[in-house]
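Source file work-v6.csv; content: CSV, C-alpha atoms.
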```csv
chain,number,residue,atom,x,y,z
A,68,MET,CA,-100.5,-7.8,100.5
A,69,ALA,CA,-96.8,-7.4,100.7
A,70,GLY,CA,-94.7,-10.6,101.4
A,71,LYS,CA,-92.1,-10.9,104.1
A,72,LYS,CA,-88.6,-9.8,103.0
A,73,ASN,CA,-87.2,-13.4,103.5
A,74,ASP,CA,-90.0,-15.2,101.6
A,75,GLY,CA,-88.6,-17.5,99.0
A,76,LYS,CA,-85.0,-16.7,100.2
A,77,GLN,CA,-82.7,-19.6,100.7
A,78,LEU,CA,-81.5,-19.6,104.3
A,79,ALA,CA,-79.1,-22.6,104.3
A,80,GLN,CA,-77.9,-25.1,101.7
A,81,ASN,CA,-76.1,-28.4,101.9
A,82,LYS,CA,-73.5,-27.9,99.2
A,83,LYS,CA,-71.9,-31.3,99.7
A,84,ALA,CA,-75.1,-33.2,99.0
A,85,SER,CA,-74.8,-33.0,95.2
A,86,HIS,CA,-71.1,-33.9,95.6
A,87,ASP,CA,-71.7,-37.0,97.7
A,88,TYR,CA,-75.1,-38.2,96.3
A,89,PHE,CA,-77.1,-38.7,93.1
A,90,ILE,CA,-80.3,-36.9,94.1
A,91,GLU,CA,-83.2,-38.8,92.5
A,92,ASP,CA,-86.3,-37.3,94.1
A,93,THR,CA,-87.0,-34.3,96.2
A,94,TYR,CA,-89.7,-33.4,98.8
A,95,GLU,CA,-90.7,-30.2,100.6
A,96,ALA,CA,-91.2,-30.7,104.3
A,97,GLY,CA,-92.3,-28.3,107.0
A,98,ILE,CA,-90.1,-28.1,110.2
A,99,VAL,CA,-91.5,-28.1,113.8
A,100,LEU,CA,-89.5,-25.3,115.5
A,101,MET,CA,-89.6,-24.1,119.1
A,102,GLY,CA,-89.3,-20.7,120.7
A,103,THR,CA,-87.2,-18.2,118.7
A,104,GLU,CA,-85.6,-20.7,116.3
A,105,ILE,CA,-87.5,-19.2,113.4
A,106,LYS,CA,-85.9,-15.8,114.1
A,107,SER,CA,-82.4,-17.5,114.1
A,108,LEU,CA,-83.3,-19.2,110.8
A,109,ARG,CA,-84.4,-15.9,109.2
A,110,MET,CA,-81.1,-14.4,110.2
A,111,GLY,CA,-79.3,-17.3,108.4
A,112,LYS,CA,-77.9,-18.9,111.5
A,113,ALA,CA,-78.4,-22.5,110.4
A,114,ASN,CA,-76.2,-25.2,109.2
A,115,ILE,CA,-77.4,-28.5,107.5
A,116,SER,CA,-74.1,-29.8,106.1
A,117,ASP,CA,-73.9,-32.6,108.7
A,118,ALA,CA,-77.7,-33.2,109.0
A,119,PHE,CA,-79.5,-36.4,108.1
A,120,ALA,CA,-83.1,-37.5,108.2
A,121,THR,CA,-84.6,-40.7,109.8
A,122,ILE,CA,-88.0,-42.2,110.0
A,123,ARG,CA,-89.2,-43.5,113.4
A,124,ASN,CA,-92.8,-44.7,114.3
A,125,GLY,CA,-94.1,-43.3,111.0
A,126,GLU,CA,-92.7,-39.8,111.6
A,127,MET,CA,-89.7,-38.2,110.0
A,128,PHE,CA,-87.0,-36.4,112.0
A,129,ILE,CA,-83.9,-34.4,111.1
A,130,HIS,CA,-80.8,-34.8,113.2
A,131,ASN,CA,-77.7,-32.7,113.5
A,132,MET,CA,-79.3,-29.6,111.9
A,133,HIS,CA,-77.6,-26.8,113.8
A,134,ILE,CA,-79.7,-23.6,114.5
A,135,SER,CA,-77.8,-21.1,116.7
A,136,PRO,CA,-79.7,-19.7,119.7
A,137,PHE,CA,-81.2,-16.2,119.1
A,138,GLU,CA,-79.2,-13.5,120.8
A,139,GLN,CA,-82.2,-11.5,122.1
A,140,GLY,CA,-84.0,-14.7,123.0
A,141,ASN,CA,-85.7,-15.5,126.3
A,142,ARG,CA,-85.3,-18.4,128.7
A,143,HIS,CA,-87.8,-20.6,126.7
A,144,ASN,CA,-85.2,-21.2,124.0
A,145,PRO,CA,-84.3,-24.8,123.4
A,146,THR,CA,-80.9,-25.5,125.0
A,147,ASP,CA,-79.6,-28.0,122.4
A,148,PRO,CA,-79.0,-26.3,119.0
A,149,THR,CA,-78.6,-29.7,117.3
A,150,ARG,CA,-81.7,-31.4,118.7
A,151,ALA,CA,-83.8,-33.7,116.5
A,152,ARG,CA,-86.6,-31.8,114.9
A,153,LYS,CA,-89.8,-33.3,113.5
A,154,LEU,CA,-90.5,-32.9,109.8
A,155,LEU,CA,-94.0,-32.4,108.5
A,156,LEU,CA,-94.9,-34.6,105.5
A,157,HIS,CA,-97.9,-36.5,104.3
A,158,LYS,CA,-98.1,-40.1,105.4
A,159,GLN,CA,-97.9,-41.4,101.8
A,160,GLN,CA,-94.7,-39.4,101.3
A,161,ILE,CA,-93.2,-40.9,104.5
A,162,HIS,CA,-94.1,-44.4,103.5
A,163,LYS,CA,-92.7,-43.9,100.0
A,164,LEU,CA,-89.5,-42.5,101.4
A,165,LEU,CA,-89.3,-45.3,104.0
A,166,GLY,CA,-89.6,-48.0,101.2
A,167,GLN,CA,-87.0,-46.3,99.0
A,168,SER,CA,-84.5,-45.5,101.7
A,169,LYS,CA,-84.5,-49.2,102.8
A,170,GLN,CA,-82.8,-50.1,99.5
A,171,GLU,CA,-79.0,-50.5,99.6
A,172,GLY,CA,-77.1,-47.3,99.2
A,173,TYR,CA,-80.1,-44.8,99.5
A,174,SER,CA,-80.5,-42.2,102.2
A,175,ILE,CA,-82.6,-39.2,102.9
A,176,VAL,CA,-80.5,-36.0,102.6
A,177,PRO,CA,-81.5,-32.4,103.5
A,178,LEU,CA,-80.7,-30.1,100.6
A,179,LYS,CA,-81.8,-26.6,101.6
A,180,ILE,CA,-83.9,-24.5,104.1
A,181,TYR,CA,-86.0,-21.6,102.9
A,182,VAL,CA,-89.1,-19.7,104.0
A,183,ARG,CA,-92.4,-19.9,102.0
A,184,ASN,CA,-95.5,-18.0,103.0
A,185,GLY,CA,-94.0,-17.3,106.4
A,186,TYR,CA,-93.3,-21.0,107.2
A,187,ALA,CA,-89.8,-22.6,107.3
A,188,LYS,CA,-89.5,-25.4,104.7
A,189,LEU,CA,-86.8,-28.0,104.2
A,190,LEU,CA,-86.1,-29.5,100.9
A,191,ILE,CA,-85.1,-33.1,101.3
A,192,GLY,CA,-83.9,-35.5,98.7
A,193,LEU,CA,-83.6,-39.2,98.2
A,194,GLY,CA,-80.0,-39.7,97.4
A,195,LYS,CA,-77.9,-42.7,96.3
A,196,GLY,CA,-74.4,-42.5,97.5
A,197,LYS,CA,-71.6,-41.8,95.0
A,198,LYS,CA,-68.5,-43.9,94.8
A,199,GLN,CA,-65.1,-42.2,94.6
A,200,TYR,CA,-64.9,-42.8,90.8
A,201,ASP,CA,-68.3,-41.2,90.3
A,202,LYS,CA,-67.1,-38.1,92.1
A,203,ARG,CA,-64.0,-37.9,89.8
A,204,ASP,CA,-66.2,-38.5,86.7
A,205,THR,CA,-68.6,-35.7,87.8
A,206,ALA,CA,-65.6,-33.3,88.4
A,207,ALA,CA,-64.1,-34.2,85.0
A,208,LYS,CA,-67.5,-33.5,83.2
A,209,ARG,CA,-67.8,-30.2,85.0
A,210,ASP,CA,-64.2,-29.2,84.0
A,211,ALA,CA,-64.9,-30.2,80.4
A,212,GLN,CA,-68.1,-28.2,80.3
A,213,ARG,CA,-66.2,-25.2,81.8
A,214,ASP,CA,-63.5,-25.5,79.1
A,215,ILE,CA,-66.2,-25.6,76.3
A,216,GLN,CA,-67.9,-22.5,77.7
A,217,ARG,CA,-64.6,-20.7,77.9
A,218,ALA,CA,-63.7,-21.6,74.3
A,219,LEU,CA,-67.1,-20.4,73.1
A,220,ARG,CA,-66.7,-17.1,74.9
A,221,GLU,CA,-63.2,-16.6,73.3
A,222,LYS,CA,-64.6,-17.4,69.9
A,223,GLN,CA,-67.4,-14.9,70.3
A,224,LYS,CA,-64.8,-12.2,71.4
A,225,VAL,CA,-62.7,-12.9,68.3
A,226,ALA,CA,-65.8,-12.7,66.0
A,227,ARG,CA,-66.7,-9.2,67.2
```

Could I get this file's structure written as structure tokens?
Amino acid sequence: MAGKKNDGKQLAQNKKASHDYFIEDTYEAGIVLMGTEIKSLRMGKANISDAFATIRNGEMFIHNMHISPFEQGNRHNPTDPTRARKLLLHKQQIHKLLGQSKQEGYSIVPLKIYVRNGYAKLLIGLGKGKKQYDKRDTAAKRDAQRDIQRALREKQKVAR
């Protein structure tokens, strides 16, 4: 049985999440979509850079996730592309996230959207906010690692 061409493909990613947060734990959640939103997602017309997740009444929702309307869509498309969408998680996972996100400095951050077995999935992470000096420290470590790799490549070129 052949899989769909987008299965396992990353559809959208929050690149600033790793820059702004220390991601300590990740969870895979399903997304409740309406109408032709899945078609727009499969075309890559989604943006989660400004999105955030909240927990209300024992249910988790994602806010500010932008899914553009499908061009060939019908009149049953949702009118608001940034509406709150329900996330599908087990109750134990929601309770665990609720307890951990109540701590000071922690928040629930969407990391990426992808399709698995024909269903849209959202990878969310429990993140602790970085301070400005943490961001500078991370950038300095990344630059040092890049310099080390560059030096090793040069050394290998000379050895040949």

Show which residues sit within 6 Å of range 109-126 of chain A, as a list in words. Count only C-alpha atoms, and ignore same-chain residues fewer than 4 positions away.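 Residues near the query, excluding close chain neighbours: Leu78, Asn81, His130, Asn131, Met132, His133, Ile134, Ser135, Ile175 and Val176 of chain A.
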
File dump, residues just selected, C-alpha atoms, as a PDB file, in the coordinates of the input:
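Output file again.pdb is given in full below:
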```
ATOM      1  CA  LEU A  78     -81.500 -19.600 104.300  1.00  0.00           C
ATOM      2  CA  ASN A  81     -76.100 -28.400 101.900  1.00  0.00           C
ATOM      3  CA  HIS A 130     -80.800 -34.800 113.200  1.00  0.00           C
ATOM      4  CA  ASN A 131     -77.700 -32.700 113.500  1.00  0.00           C
ATOM      5  CA  MET A 132     -79.300 -29.600 111.900  1.00  0.00           C
ATOM      6  CA  HIS A 133     -77.600 -26.800 113.800  1.00  0.00           C
ATOM      7  CA  ILE A 134     -79.700 -23.600 114.500  1.00  0.00           C
ATOM      8  CA  SER A 135     -77.800 -21.100 116.700  1.00  0.00           C
ATOM      9  CA  ILE A 175     -82.600 -39.200 102.900  1.00  0.00           C
ATOM     10  CA  VAL A 176     -80.500 -36.000 102.600  1.00  0.00           C
TER      11      VAL A 176
END
```

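Separating CA of Tyr88 in chain A from CA of Lys197 in chain A is a distance of 5.2 Å.
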
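In this comparison, which uses all atoms listed in the file, the residue of A:His162, A:Ser85, A:Val182, A:Arg227 approaching Thr205 in chain A most closely is A:Ser85.
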
How many Å lie between CA of Ser174 in chain A and CA of Leu193 in chain A, rounded to one decimal?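 Separating CA of Ser174 in chain A from CA of Leu193 in chain A is a distance of 5.9 Å.
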
Minimum-distance residue to Glu104 in chain A, chosen among A:Lys76, A:Arg152, A:Lys82, A:Arg203 (using all atoms listed in the file):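 Closest to Glu104 in chain A of all the choices is A:Arg152.
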
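CA of Ile98 in chain A lies 20.0 Å from CA of Gly194 in chain A.
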
Contacts of Ala79 in chain A at 6 Å (all atoms listed in the file; same-chain gap of 2+ positions) as a PyMOL selection string: chain A and resi 77+179-180

Which one of A:Leu189, A:Ala206, A:Ala226, A:Ala218 sits closest to His86 in chain A if you count only C-alpha atoms? A:Ala206

Show me the residues around (-84.6, -32.5, 98.1) - criterion: an atom at most 8 Å away, only C-alpha atoms counted - as a list in words.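 Collected hits near the coordinates: Ile90, Asp92, Thr93, Tyr94, Glu95, Val176, Pro177, Leu178, Lys179, Leu189, Leu190, Ile191, Gly192 and Leu193 of chain A.
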
Selected residues written out, C-alpha atoms, as a tab-separated table (two decimals), in the coordinates of the input:
```
chain	number	residue	atom	x	y	z
A	90	ILE	CA	-80.30	-36.90	94.10
A	92	ASP	CA	-86.30	-37.30	94.10
A	93	THR	CA	-87.00	-34.30	96.20
A	94	TYR	CA	-89.70	-33.40	98.80
A	95	GLU	CA	-90.70	-30.20	100.60
A	176	VAL	CA	-80.50	-36.00	102.60
A	177	PRO	CA	-81.50	-32.40	103.50
A	178	LEU	CA	-80.70	-30.10	100.60
A	179	LYS	CA	-81.80	-26.60	101.60
A	189	LEU	CA	-86.80	-28.00	104.20
A	190	LEU	CA	-86.10	-29.50	100.90
A	191	ILE	CA	-85.10	-33.10	101.30
A	192	GLY	CA	-83.90	-35.50	98.70
A	193	LEU	CA	-83.60	-39.20	98.20
```

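Those residues that approach Phe137 in chain A to within 10 Å, counting all atoms listed in the file, are Gly102, Thr103, Glu104, Ile105, Lys106, Ser107, Leu108, Met110, Lys112, Asn141 and Asn144 of chain A; same-chain residues fewer than 4 positions away are not listed.
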